[in-house]
$ cat work16.cif   # mmCIF, C-alpha atoms
data_query
loop_
_atom_site.group_PDB
_atom_site.id
_atom_site.type_symbol
_atom_site.label_atom_id
_atom_site.label_comp_id
_atom_site.auth_asym_id
_atom_site.auth_seq_id
_atom_site.Cartn_x
_atom_site.Cartn_y
_atom_site.Cartn_z
ATOM 1 C CA MET A 21 -15.842 -71.364 -39.888
ATOM 2 C CA SER A 22 -17.727 -68.807 -37.859
ATOM 3 C CA VAL A 23 -16.952 -66.065 -40.375
ATOM 4 C CA THR A 24 -17.093 -66.416 -44.137
ATOM 5 C CA PRO A 25 -14.433 -64.163 -45.670
ATOM 6 C CA ARG A 26 -14.922 -61.911 -48.661
ATOM 7 C CA LEU A 27 -12.697 -63.100 -51.479
ATOM 8 C CA SER A 28 -10.797 -61.471 -54.307
ATOM 9 C CA PHE A 29 -8.504 -62.954 -56.924
ATOM 10 C CA GLU A 30 -5.589 -61.672 -58.981
ATOM 11 C CA PHE A 31 -5.158 -62.790 -62.587
ATOM 12 C CA PHE A 32 -2.546 -61.883 -65.172
ATOM 13 C CA PRO A 33 -3.219 -61.287 -68.869
ATOM 14 C CA PRO A 34 -2.196 -63.951 -71.387
ATOM 15 C CA GLN A 35 0.576 -63.479 -73.916
ATOM 16 C CA THR A 36 0.125 -66.774 -75.787
ATOM 17 C CA LEU A 37 -2.828 -68.864 -76.922
ATOM 18 C CA ASP A 38 -2.147 -71.520 -74.285
ATOM 19 C CA ALA A 39 -1.966 -68.826 -71.621
ATOM 20 C CA ALA A 40 -5.297 -67.434 -72.827
ATOM 21 C CA PHE A 41 -6.962 -70.806 -72.339
ATOM 22 C CA ARG A 42 -5.451 -70.989 -68.859
ATOM 23 C CA LEU A 43 -6.773 -67.551 -67.932
ATOM 24 C CA TRP A 44 -10.321 -68.339 -69.027
ATOM 25 C CA GLU A 45 -10.226 -71.678 -67.219
ATOM 26 C CA THR A 46 -9.083 -69.805 -64.109
ATOM 27 C CA VAL A 47 -11.941 -67.313 -64.363
ATOM 28 C CA GLN A 48 -14.489 -70.070 -64.952
ATOM 29 C CA VAL A 49 -13.271 -72.081 -61.949
ATOM 30 C CA LEU A 50 -13.192 -69.136 -59.524
ATOM 31 C CA ALA A 51 -16.069 -66.921 -60.684
ATOM 32 C CA PRO A 52 -18.690 -69.163 -59.014
ATOM 33 C CA LEU A 53 -17.179 -68.220 -55.646
ATOM 34 C CA ARG A 54 -18.633 -64.726 -56.214
ATOM 35 C CA PRO A 55 -15.533 -62.685 -55.394
ATOM 36 C CA ASP A 56 -15.886 -59.134 -54.146
ATOM 37 C CA PHE A 57 -13.551 -58.160 -57.000
ATOM 38 C CA VAL A 58 -10.865 -59.578 -59.249
ATOM 39 C CA SER A 59 -7.759 -57.753 -60.433
ATOM 40 C CA VAL A 60 -5.720 -58.011 -63.616
ATOM 41 C CA THR A 61 -2.002 -57.205 -63.534
ATOM 42 C CA TYR A 62 0.412 -55.448 -65.844
ATOM 43 C CA GLY A 63 3.539 -57.302 -66.837
ATOM 44 C CA ALA A 64 6.880 -56.092 -65.558
ATOM 45 C CA GLY A 65 7.447 -52.557 -66.755
ATOM 46 C CA GLY A 66 3.870 -52.247 -68.007
ATOM 47 C CA THR A 67 4.647 -54.581 -70.920
ATOM 48 C CA THR A 68 1.170 -56.107 -71.064
ATOM 49 C CA ARG A 69 -0.758 -52.831 -70.990
ATOM 50 C CA ARG A 70 -2.915 -53.627 -74.053
ATOM 51 C CA LEU A 71 -3.448 -57.241 -72.980
ATOM 52 C CA THR A 72 -4.471 -56.087 -69.509
ATOM 53 C CA HIS A 73 -7.037 -53.736 -71.013
ATOM 54 C CA GLU A 74 -8.479 -56.505 -73.176
ATOM 55 C CA ALA A 75 -8.629 -58.985 -70.296
ATOM 56 C CA VAL A 76 -10.302 -56.469 -67.973
ATOM 57 C CA GLY A 77 -13.007 -55.755 -70.545
ATOM 58 C CA THR A 78 -13.641 -59.394 -71.403
ATOM 59 C CA ILE A 79 -13.826 -60.603 -67.803
ATOM 60 C CA GLY A 80 -16.203 -57.815 -66.864
ATOM 61 C CA ARG A 81 -18.501 -58.265 -69.870
ATOM 62 C CA SER A 82 -18.509 -62.046 -70.061
ATOM 63 C CA TYR A 83 -18.623 -62.989 -66.384
ATOM 64 C CA GLY A 84 -20.204 -59.978 -64.714
ATOM 65 C CA LEU A 85 -17.347 -59.675 -62.238
ATOM 66 C CA ASN A 86 -16.178 -56.458 -60.610
ATOM 67 C CA VAL A 87 -12.741 -56.033 -62.205
ATOM 68 C CA ALA A 88 -10.019 -53.817 -60.746
ATOM 69 C CA ALA A 89 -7.450 -52.913 -63.382
ATOM 70 C CA HIS A 90 -3.808 -52.542 -62.386
ATOM 71 C CA LEU A 91 -2.260 -49.242 -63.431
ATOM 72 C CA THR A 92 1.392 -48.273 -62.992
ATOM 73 C CA CYS A 93 3.655 -45.260 -63.420
ATOM 74 C CA VAL A 94 6.172 -47.119 -65.596
ATOM 75 C CA ASP A 95 7.259 -45.806 -69.017
ATOM 76 C CA ALA A 96 4.282 -43.517 -69.615
ATOM 77 C CA THR A 97 3.517 -39.821 -69.358
ATOM 78 C CA ARG A 98 0.869 -38.487 -67.015
ATOM 79 C CA THR A 99 -1.363 -37.835 -70.023
ATOM 80 C CA GLU A 100 -0.962 -41.386 -71.318
ATOM 81 C CA THR A 101 -1.598 -42.926 -67.913
ATOM 82 C CA LEU A 102 -4.738 -40.887 -67.269
ATOM 83 C CA ALA A 103 -5.966 -41.662 -70.789
ATOM 84 C CA ILE A 104 -5.759 -45.368 -69.925
ATOM 85 C CA ALA A 105 -7.747 -44.713 -66.761
ATOM 86 C CA GLN A 106 -10.330 -42.759 -68.744
ATOM 87 C CA ALA A 107 -10.676 -45.646 -71.211
ATOM 88 C CA TYR A 108 -11.327 -47.991 -68.285
ATOM 89 C CA ALA A 109 -13.974 -45.639 -66.925
ATOM 90 C CA GLN A 110 -15.705 -45.576 -70.306
ATOM 91 C CA GLU A 111 -15.889 -49.376 -70.187
ATOM 92 C CA GLY A 112 -17.551 -49.274 -66.779
ATOM 93 C CA VAL A 113 -14.483 -50.103 -64.695
ATOM 94 C CA THR A 114 -14.854 -48.483 -61.275
ATOM 95 C CA GLU A 115 -11.804 -49.857 -59.438
ATOM 96 C CA ILE A 116 -8.088 -49.462 -60.066
ATOM 97 C CA VAL A 117 -5.105 -50.979 -58.288
ATOM 98 C CA ALA A 118 -2.653 -48.068 -58.442
ATOM 99 C CA LEU A 119 1.006 -49.044 -58.290
ATOM 100 C CA ARG A 120 4.380 -47.466 -58.883
ATOM 101 C CA GLY A 121 5.425 -50.556 -60.816
ATOM 102 C CA ASP A 122 8.727 -52.375 -61.136
ATOM 103 C CA ALA A 123 11.682 -51.124 -63.121
ATOM 104 C CA PRO A 124 11.573 -52.062 -66.807
ATOM 105 C CA LYS A 125 13.638 -55.076 -67.802
ATOM 106 C CA GLY A 126 17.334 -54.218 -67.839
ATOM 107 C CA ASN A 127 17.000 -51.423 -65.269
ATOM 108 C CA ALA A 128 18.222 -51.929 -61.737
ATOM 109 C CA ARG A 129 15.871 -49.387 -60.144
ATOM 110 C CA PHE A 130 12.629 -47.624 -60.953
ATOM 111 C CA ALA A 131 13.085 -44.243 -62.630
ATOM 112 C CA PRO A 132 10.011 -42.151 -63.430
ATOM 113 C CA HIS A 133 9.263 -41.054 -66.970
ATOM 114 C CA PRO A 134 10.335 -37.395 -67.378
ATOM 115 C CA ASP A 135 6.692 -36.425 -67.940
ATOM 116 C CA GLY A 136 5.181 -39.205 -65.839
ATOM 117 C CA PHE A 137 4.104 -39.787 -62.281
ATOM 118 C CA ALA A 138 7.026 -39.854 -59.903
ATOM 119 C CA SER A 139 5.439 -42.254 -57.417
ATOM 120 C CA SER A 140 2.350 -44.225 -56.517
ATOM 121 C CA VAL A 141 1.279 -41.379 -54.225
ATOM 122 C CA ASP A 142 1.173 -38.999 -57.185
ATOM 123 C CA LEU A 143 -0.756 -41.533 -59.265
ATOM 124 C CA VAL A 144 -3.295 -42.106 -56.493
ATOM 125 C CA ALA A 145 -3.854 -38.370 -56.057
ATOM 126 C CA ALA A 146 -4.459 -37.886 -59.794
ATOM 127 C CA LEU A 147 -6.878 -40.806 -59.988
ATOM 128 C CA ALA A 148 -8.711 -39.636 -56.876
ATOM 129 C CA ALA A 149 -9.112 -36.181 -58.425
ATOM 130 C CA THR A 150 -11.129 -37.711 -61.285
ATOM 131 C CA GLY A 151 -13.756 -38.944 -58.827
ATOM 132 C CA LYS A 152 -14.328 -42.023 -61.004
ATOM 133 C CA PHE A 153 -12.615 -44.856 -59.153
ATOM 134 C CA LYS A 154 -12.285 -46.815 -55.962
ATOM 135 C CA ILE A 155 -8.498 -46.964 -55.620
ATOM 136 C CA ARG A 156 -6.630 -49.875 -54.099
ATOM 137 C CA VAL A 157 -2.894 -49.809 -53.440
ATOM 138 C CA ALA A 158 -0.096 -52.162 -52.437
ATOM 139 C CA ALA A 159 1.192 -52.644 -48.899
ATOM 140 C CA TYR A 160 4.300 -54.408 -47.629
ATOM 141 C CA PRO A 161 4.154 -56.334 -44.341
ATOM 142 C CA GLU A 162 7.849 -57.113 -44.788
ATOM 143 C CA ARG A 163 10.258 -54.361 -45.774
ATOM 144 C CA HIS A 164 10.067 -53.290 -49.414
ATOM 145 C CA PRO A 165 13.513 -53.452 -51.061
ATOM 146 C CA ASP A 166 13.464 -49.665 -51.549
ATOM 147 C CA ALA A 167 12.307 -48.826 -48.008
ATOM 148 C CA ALA A 168 14.680 -47.707 -45.260
ATOM 149 C CA ASP A 169 12.888 -49.824 -42.658
ATOM 150 C CA SER A 170 9.520 -51.402 -41.912
ATOM 151 C CA ARG A 171 8.061 -48.199 -40.442
ATOM 152 C CA ALA A 172 8.856 -46.402 -43.690
ATOM 153 C CA ASP A 173 6.566 -48.876 -45.480
ATOM 154 C CA VAL A 174 3.730 -48.064 -43.084
ATOM 155 C CA LEU A 175 4.230 -44.305 -43.430
ATOM 156 C CA TRP A 176 4.322 -44.579 -47.221
ATOM 157 C CA LEU A 177 1.071 -46.538 -47.146
ATOM 158 C CA LYS A 178 -0.457 -43.790 -45.012
ATOM 159 C CA ARG A 179 0.548 -41.234 -47.644
ATOM 160 C CA LYS A 180 -1.237 -43.278 -50.297
ATOM 161 C CA ILE A 181 -4.372 -43.560 -48.173
ATOM 162 C CA ASP A 182 -4.272 -39.834 -47.430
ATOM 163 C CA ALA A 183 -3.916 -39.170 -51.178
ATOM 164 C CA GLY A 184 -7.201 -40.944 -51.867
ATOM 165 C CA ALA A 185 -6.723 -44.722 -51.771
ATOM 166 C CA THR A 186 -9.586 -46.590 -50.124
ATOM 167 C CA SER A 187 -7.900 -49.908 -49.309
ATOM 168 C CA ALA A 188 -4.602 -51.749 -49.573
ATOM 169 C CA ILE A 189 -3.614 -55.267 -50.613
ATOM 170 C CA THR A 190 -0.462 -56.685 -49.073
ATOM 171 C CA GLN A 191 2.388 -58.525 -50.678
ATOM 172 C CA PHE A 192 2.199 -62.224 -49.804
ATOM 173 C CA PHE A 193 3.745 -63.642 -46.647
ATOM 174 C CA PHE A 194 4.135 -67.100 -45.160
ATOM 175 C CA GLU A 195 3.234 -66.574 -41.493
ATOM 176 C CA ALA A 196 0.070 -65.006 -40.083
ATOM 177 C CA GLU A 197 2.060 -63.090 -37.462
ATOM 178 C CA THR A 198 3.781 -61.141 -40.255
ATOM 179 C CA PHE A 199 0.454 -59.683 -41.353
ATOM 180 C CA LEU A 200 -0.918 -59.231 -37.848
ATOM 181 C CA ARG A 201 2.120 -57.192 -36.745
ATOM 182 C CA PHE A 202 1.795 -55.058 -39.872
ATOM 183 C CA ARG A 203 -1.926 -54.524 -39.241
ATOM 184 C CA ASP A 204 -1.157 -53.355 -35.715
ATOM 185 C CA ALA A 205 1.552 -50.998 -37.000
ATOM 186 C CA CYS A 206 -0.884 -49.503 -39.529
ATOM 187 C CA ALA A 207 -3.483 -48.931 -36.816
ATOM 188 C CA ALA A 208 -0.853 -47.283 -34.617
ATOM 189 C CA GLU A 209 -0.119 -44.776 -37.410
ATOM 190 C CA GLY A 210 -3.805 -43.945 -37.810
ATOM 191 C CA ILE A 211 -4.523 -45.953 -40.966
ATOM 192 C CA ALA A 212 -8.216 -46.771 -40.842
ATOM 193 C CA ALA A 213 -8.674 -48.013 -44.424
ATOM 194 C CA PRO A 214 -8.961 -51.790 -44.874
ATOM 195 C CA VAL A 215 -5.656 -53.635 -45.303
ATOM 196 C CA ILE A 216 -6.340 -56.901 -47.130
ATOM 197 C CA PRO A 217 -3.849 -59.766 -46.745
ATOM 198 C CA GLY A 218 -2.445 -61.107 -50.004
ATOM 199 C CA ILE A 219 -2.319 -64.904 -50.056
ATOM 200 C CA LEU A 220 -0.085 -67.003 -52.323
ATOM 201 C CA PRO A 221 -1.314 -70.596 -52.637
ATOM 202 C CA ILE A 222 1.881 -72.557 -53.194
ATOM 203 C CA THR A 223 1.387 -74.405 -56.469
ATOM 204 C CA GLY A 224 5.139 -75.038 -56.702
ATOM 205 C CA TRP A 225 7.660 -74.562 -53.900
ATOM 206 C CA ASP A 226 10.584 -73.630 -56.147
ATOM 207 C CA GLY A 227 8.518 -70.920 -57.818
ATOM 208 C CA ALA A 228 7.284 -69.619 -54.464
ATOM 209 C CA LYS A 229 10.880 -69.292 -53.255
ATOM 210 C CA ARG A 230 11.818 -67.322 -56.370
ATOM 211 C CA PHE A 231 8.883 -64.953 -55.859
ATOM 212 C CA ALA A 232 9.822 -64.537 -52.204
ATOM 213 C CA ALA A 233 13.424 -63.679 -53.074
ATOM 214 C CA ARG A 234 12.290 -60.963 -55.491
ATOM 215 C CA CYS A 235 9.907 -59.264 -53.079
ATOM 216 C CA GLY A 236 11.724 -59.838 -49.800
ATOM 217 C CA ALA A 237 9.243 -62.236 -48.212
ATOM 218 C CA ARG A 238 10.912 -64.243 -45.441
ATOM 219 C CA ILE A 239 10.770 -68.018 -45.840
ATOM 220 C CA PRO A 240 10.467 -69.756 -42.460
ATOM 221 C CA PRO A 241 13.035 -72.589 -42.282
ATOM 222 C CA ARG A 242 10.409 -74.998 -40.954
ATOM 223 C CA LEU A 243 8.223 -74.330 -43.995
ATOM 224 C CA ASN A 244 11.104 -74.928 -46.377
ATOM 225 C CA ASP A 245 11.937 -78.184 -44.587
ATOM 226 C CA ALA A 246 8.300 -79.270 -44.723
ATOM 227 C CA PHE A 247 8.016 -78.681 -48.463
ATOM 228 C CA GLU A 248 11.314 -80.365 -49.221
ATOM 229 C CA THR A 249 10.187 -83.422 -47.233
ATOM 230 C CA ALA A 250 6.715 -83.389 -48.793
ATOM 231 C CA ARG A 251 8.211 -83.249 -52.277
ATOM 232 C CA ARG A 252 10.326 -86.331 -51.590
ATOM 233 C CA ASP A 253 7.262 -88.128 -50.227
ATOM 234 C CA GLY A 254 4.914 -87.073 -53.019
ATOM 235 C CA ARG A 255 2.737 -85.023 -50.648
ATOM 236 C CA GLU A 256 3.523 -81.493 -51.861
ATOM 237 C CA ALA A 257 -0.042 -80.826 -53.079
ATOM 238 C CA LEU A 258 -1.528 -81.960 -49.767
ATOM 239 C CA LEU A 259 0.901 -79.808 -47.791
ATOM 240 C CA ALA A 260 0.153 -76.800 -50.003
ATOM 241 C CA LEU A 261 -3.582 -77.130 -49.318
ATOM 242 C CA THR A 262 -3.048 -77.630 -45.592
ATOM 243 C CA GLN A 263 -0.550 -74.768 -45.255
ATOM 244 C CA CYS A 264 -2.671 -72.220 -47.126
ATOM 245 C CA THR A 265 -5.901 -73.218 -45.388
ATOM 246 C CA ALA A 266 -4.252 -73.002 -41.969
ATOM 247 C CA LEU A 267 -2.791 -69.569 -42.760
ATOM 248 C CA CYS A 268 -6.165 -68.237 -43.887
ATOM 249 C CA SER A 269 -7.973 -69.803 -40.929
ATOM 250 C CA ARG A 270 -5.594 -68.131 -38.486
ATOM 251 C CA LEU A 271 -6.135 -64.763 -40.162
ATOM 252 C CA ILE A 272 -9.909 -65.156 -40.073
ATOM 253 C CA GLY A 273 -9.678 -66.136 -36.414
ATOM 254 C CA GLU A 274 -7.851 -62.827 -35.797
ATOM 255 C CA GLY A 275 -10.698 -60.814 -37.320
ATOM 256 C CA VAL A 276 -9.620 -60.644 -40.968
ATOM 257 C CA GLU A 277 -12.690 -60.322 -43.187
ATOM 258 C CA ASP A 278 -11.104 -60.173 -46.668
ATOM 259 C CA LEU A 279 -8.605 -62.442 -48.422
ATOM 260 C CA HIS A 280 -6.915 -61.650 -51.752
ATOM 261 C CA PHE A 281 -5.466 -64.657 -53.584
ATOM 262 C CA TYR A 282 -2.567 -64.418 -56.025
ATOM 263 C CA THR A 283 -3.775 -67.206 -58.312
ATOM 264 C CA LEU A 284 -0.956 -67.170 -60.906
ATOM 265 C CA ASN A 285 -3.749 -68.296 -63.264
ATOM 266 C CA ARG A 286 -3.702 -71.695 -61.574
ATOM 267 C CA PRO A 287 -7.133 -71.862 -59.990
ATOM 268 C CA HIS A 288 -7.626 -75.267 -58.460
ATOM 269 C CA LEU A 289 -5.618 -74.909 -55.250
ATOM 270 C CA THR A 290 -7.182 -71.505 -54.611
ATOM 271 C CA ARG A 291 -10.658 -72.982 -55.143
ATOM 272 C CA ASP A 292 -9.904 -75.912 -52.820
ATOM 273 C CA VAL A 293 -8.646 -73.577 -50.083
ATOM 274 C CA CYS A 294 -11.779 -71.452 -50.384
ATOM 275 C CA HIS A 295 -13.940 -74.581 -50.151
ATOM 276 C CA ALA A 296 -12.019 -75.636 -47.040
ATOM 277 C CA LEU A 297 -12.770 -72.217 -45.554
ATOM 278 C CA GLY A 298 -16.476 -72.756 -46.141
ATOM 279 C CA VAL A 299 -16.880 -70.690 -49.314
ATOM 280 C CA THR A 300 -18.636 -72.876 -51.857
ATOM 281 C CA ALA A 301 -20.665 -72.328 -54.999
ATOM 282 C CA PRO A 302 -22.023 -74.254 -57.988
ATOM 283 C CA ALA A 303 -19.295 -75.881 -60.051
ATOM 284 C CA THR A 304 -20.097 -73.824 -63.158
ATOM 285 C CA LEU A 305 -21.158 -70.292 -63.908
ATOM 286 C CA GLU A 306 -22.969 -69.257 -67.057
ATOM 287 C CA LYS A 307 -21.455 -66.384 -68.962
ATOM 288 C CA VAL A 308 -23.290 -63.081 -69.093
ATOM 289 C CA ALA A 309 -25.029 -62.741 -72.431
#
$ encode --input "work16.cif" --output "structure tokens"
Amino acid sequence: MSVTPRLSFEFFPPQTLDAAFRLWETVQVLAPLRPDFVSVTYGAGGTTRRLTHEAVGTIGRSYGLNVAAHLTCVDATRTETLAIAQAYAQEGVTEIVALRGDAPKGNARFAPHPDGFASSVDLVAALAATGKFKIRVAAYPERHPDAADSRADVLWLKRKIDAGATSAITQFFFEAETFLRFRDACAAEGIAAPVIPGILPITGWDGAKRFAARCGARIPPRLNDAFETARRDGREALLALTQCTALCSRLIGEGVEDLHFYTLNRPHLTRDVCHALGVTAPATLEKVA
């Protein structure tokens, strides 16, 4: 490749012992690739808030990685949310991924806490006012379920950037043109902050389809046919590597300099794609003392 992309990886915090082992294996496999940053999610409705905090601290201390903590507006007052941010700052965390968050389980739509932040724009503005964080936000190259149309997504992203966000990470997509059109639309609205494409390595086609249905990502019929055929032929893993590498290569060829991988705490396909893109590193990484 003529350009070596900057990488970042998303992890989620473990809720069981087996999941904890999987997270630490994921970090150990991917840390040698020297990512620009890694992020750690909340569960739906902010249900893993404490686990997220613990994972952020451990990854930062033990592996020396730049960790961006997810922070949402769900089921918390403004005071509680900013206290969490302050606790991150005290631990040396300098980046936050600021999100509205999904509705808590059992709720059809997001409803702000009576004393909480009403939207991601409000959360970004409050975090920016502290002067303590680089703030990343979400972006939607395909229409968010709550948006009136695709332009509304772009305008909402602009509001978040204007409120103090410094970059955006997109929801995943299956075709490079989806991101490229969105990038052009952002530029047309005057968004100059980096918009980083979110990449989902397909470790299981059925799971990828479920994720796509929840977030509104369009599944190209040809891709569905290819995975169904590959599964019958026992070539699903090979197709997954080829598909993800080709998608990333096309983006890099169109000037994309950063790639953010949704790892689902399954690191090996992500690592293999990065190797195929020319990003390599020693197989192991010693922990920070």
$ resolve_selection --input "work16.cif" --expression "the PyMOL selection byres ((chain A and resi 214) around 7)" --output "ChimeraX atom specification"
/A:187-188,212-213,215-216
$ atom_distance --input "work16.cif" --atom1 "CA of Gly112 in chain A" --atom2 "CA of Thr190 in chain A"
25.7 Å
$ resolve_selection --input "work16.cif" --expression "the PyMOL selection byres ((chain A and resi 155) around 10)" --output "list in words"
Ala88, Ala89, His90, Thr114, Glu115, Ile116, Val117, Ala118, Val144, Ala145, Leu147, Ala148, Lys152, Phe153, Lys154, Arg156, Val157, Lys180, Ile181, Gly184, Ala185, Thr186, Ser187 and Ala188 of chain A
$ atom_distance --input "work16.cif" --atom1 "CA of Gly224 in chain A" --atom2 "CA of Arg251 in chain A"
9.8 Å
$ atom_distance --input "work16.cif" --atom1 "CA of Leu37 in chain A" --atom2 "CA of Arg230 in chain A"
25.3 Å
$ closest_atom_pairs --input "work16.cif" --of "range 138-218 of chain A" --to "range 252-273 of chain A" --cutoff "8 Å" --atoms "all atoms listed in the file" --output "tab-separated table"
residue	atom	partner	partner_atom	distance
A:Phe194	CA	A:Leu267	CA	7.7
A:Glu195	CA	A:Leu267	CA	6.8
A:Ala196	CA	A:Leu267	CA	6.0
A:Leu200	CA	A:Leu271	CA	7.9
$ closest_residue --input "work16.cif" --among "A:His295, A:Arg42, A:His133, A:Arg286" --to "Thr92 in chain A" --atoms "only C-alpha atoms"
A:His133
$ resolve_selection --input "work16.cif" --expression "the PyMOL selection byres ((chain A and resi 22-30) around 8)" --output "PDB file with C-alpha atoms, in the frame of the given file"
ATOM      1  CA  MET A  21     -15.842 -71.364 -39.888  1.00  0.00           C
ATOM      2  CA  PHE A  31      -5.158 -62.790 -62.587  1.00  0.00           C
ATOM      3  CA  PHE A  32      -2.546 -61.883 -65.172  1.00  0.00           C
ATOM      4  CA  LEU A  53     -17.179 -68.220 -55.646  1.00  0.00           C
ATOM      5  CA  ARG A  54     -18.633 -64.726 -56.214  1.00  0.00           C
ATOM      6  CA  PRO A  55     -15.533 -62.685 -55.394  1.00  0.00           C
ATOM      7  CA  ASP A  56     -15.886 -59.134 -54.146  1.00  0.00           C
ATOM      8  CA  PHE A  57     -13.551 -58.160 -57.000  1.00  0.00           C
ATOM      9  CA  VAL A  58     -10.865 -59.578 -59.249  1.00  0.00           C
ATOM     10  CA  SER A  59      -7.759 -57.753 -60.433  1.00  0.00           C
ATOM     11  CA  VAL A  60      -5.720 -58.011 -63.616  1.00  0.00           C
ATOM     12  CA  THR A  61      -2.002 -57.205 -63.534  1.00  0.00           C
ATOM     13  CA  ILE A 272      -9.909 -65.156 -40.073  1.00  0.00           C
ATOM     14  CA  VAL A 276      -9.620 -60.644 -40.968  1.00  0.00           C
ATOM     15  CA  GLU A 277     -12.690 -60.322 -43.187  1.00  0.00           C
ATOM     16  CA  ASP A 278     -11.104 -60.173 -46.668  1.00  0.00           C
ATOM     17  CA  LEU A 279      -8.605 -62.442 -48.422  1.00  0.00           C
ATOM     18  CA  HIS A 280      -6.915 -61.650 -51.752  1.00  0.00           C
ATOM     19  CA  PHE A 281      -5.466 -64.657 -53.584  1.00  0.00           C
ATOM     20  CA  TYR A 282      -2.567 -64.418 -56.025  1.00  0.00           C
ATOM     21  CA  THR A 283      -3.775 -67.206 -58.312  1.00  0.00           C
ATOM     22  CA  LEU A 284      -0.956 -67.170 -60.906  1.00  0.00           C
ATOM     23  CA  LEU A 297     -12.770 -72.217 -45.554  1.00  0.00           C
ATOM     24  CA  GLY A 298     -16.476 -72.756 -46.141  1.00  0.00           C
ATOM     25  CA  VAL A 299     -16.880 -70.690 -49.314  1.00  0.00           C
TER      26      VAL A 299
END
$ closest_residue --input "work16.cif" --among "A:Tyr108, A:Thr72, A:Thr101, A:Pro52" --to "Leu85 in chain A" --atoms "only C-alpha atoms"
A:Pro52
$ closest_residue --input "work16.cif" --among "A:Asp95, A:Glu209, A:Asp173, A:Glu162" --to "Phe193 in chain A" --atoms "only C-alpha atoms"
A:Glu162
$ axis_aligned_box --input "work16.cif" --around "range 77-92 of chain A" --padding-each-side "8 Å" --output "lines of an AutoDock Vina configuration file"
center_x = -9.4
center_y = -55.6
center_z = -66.0
size_x = 37.6
size_y = 30.7
size_z = 26.8
$ closest_residue --input "work16.cif" --among "A:Val113, A:Ala232, A:Ala167, A:Leu289" --to "Arg81 in chain A" --atoms "all atoms listed in the file"
A:Val113
$ closest_residue --input "work16.cif" --among "A:His164, A:Arg291, A:Lys178, A:Arg203" --to "Ala237 in chain A" --atoms "all atoms listed in the file"
A:His164
$ residues_around --input "work16.cif" --residues "His288 in chain A" --least-positions-apart "5" --cutoff "9 Å" --atoms "only C-alpha atoms" --output "list in words"
Thr46, Val49, Leu50, Thr283 and Val293 of chain A
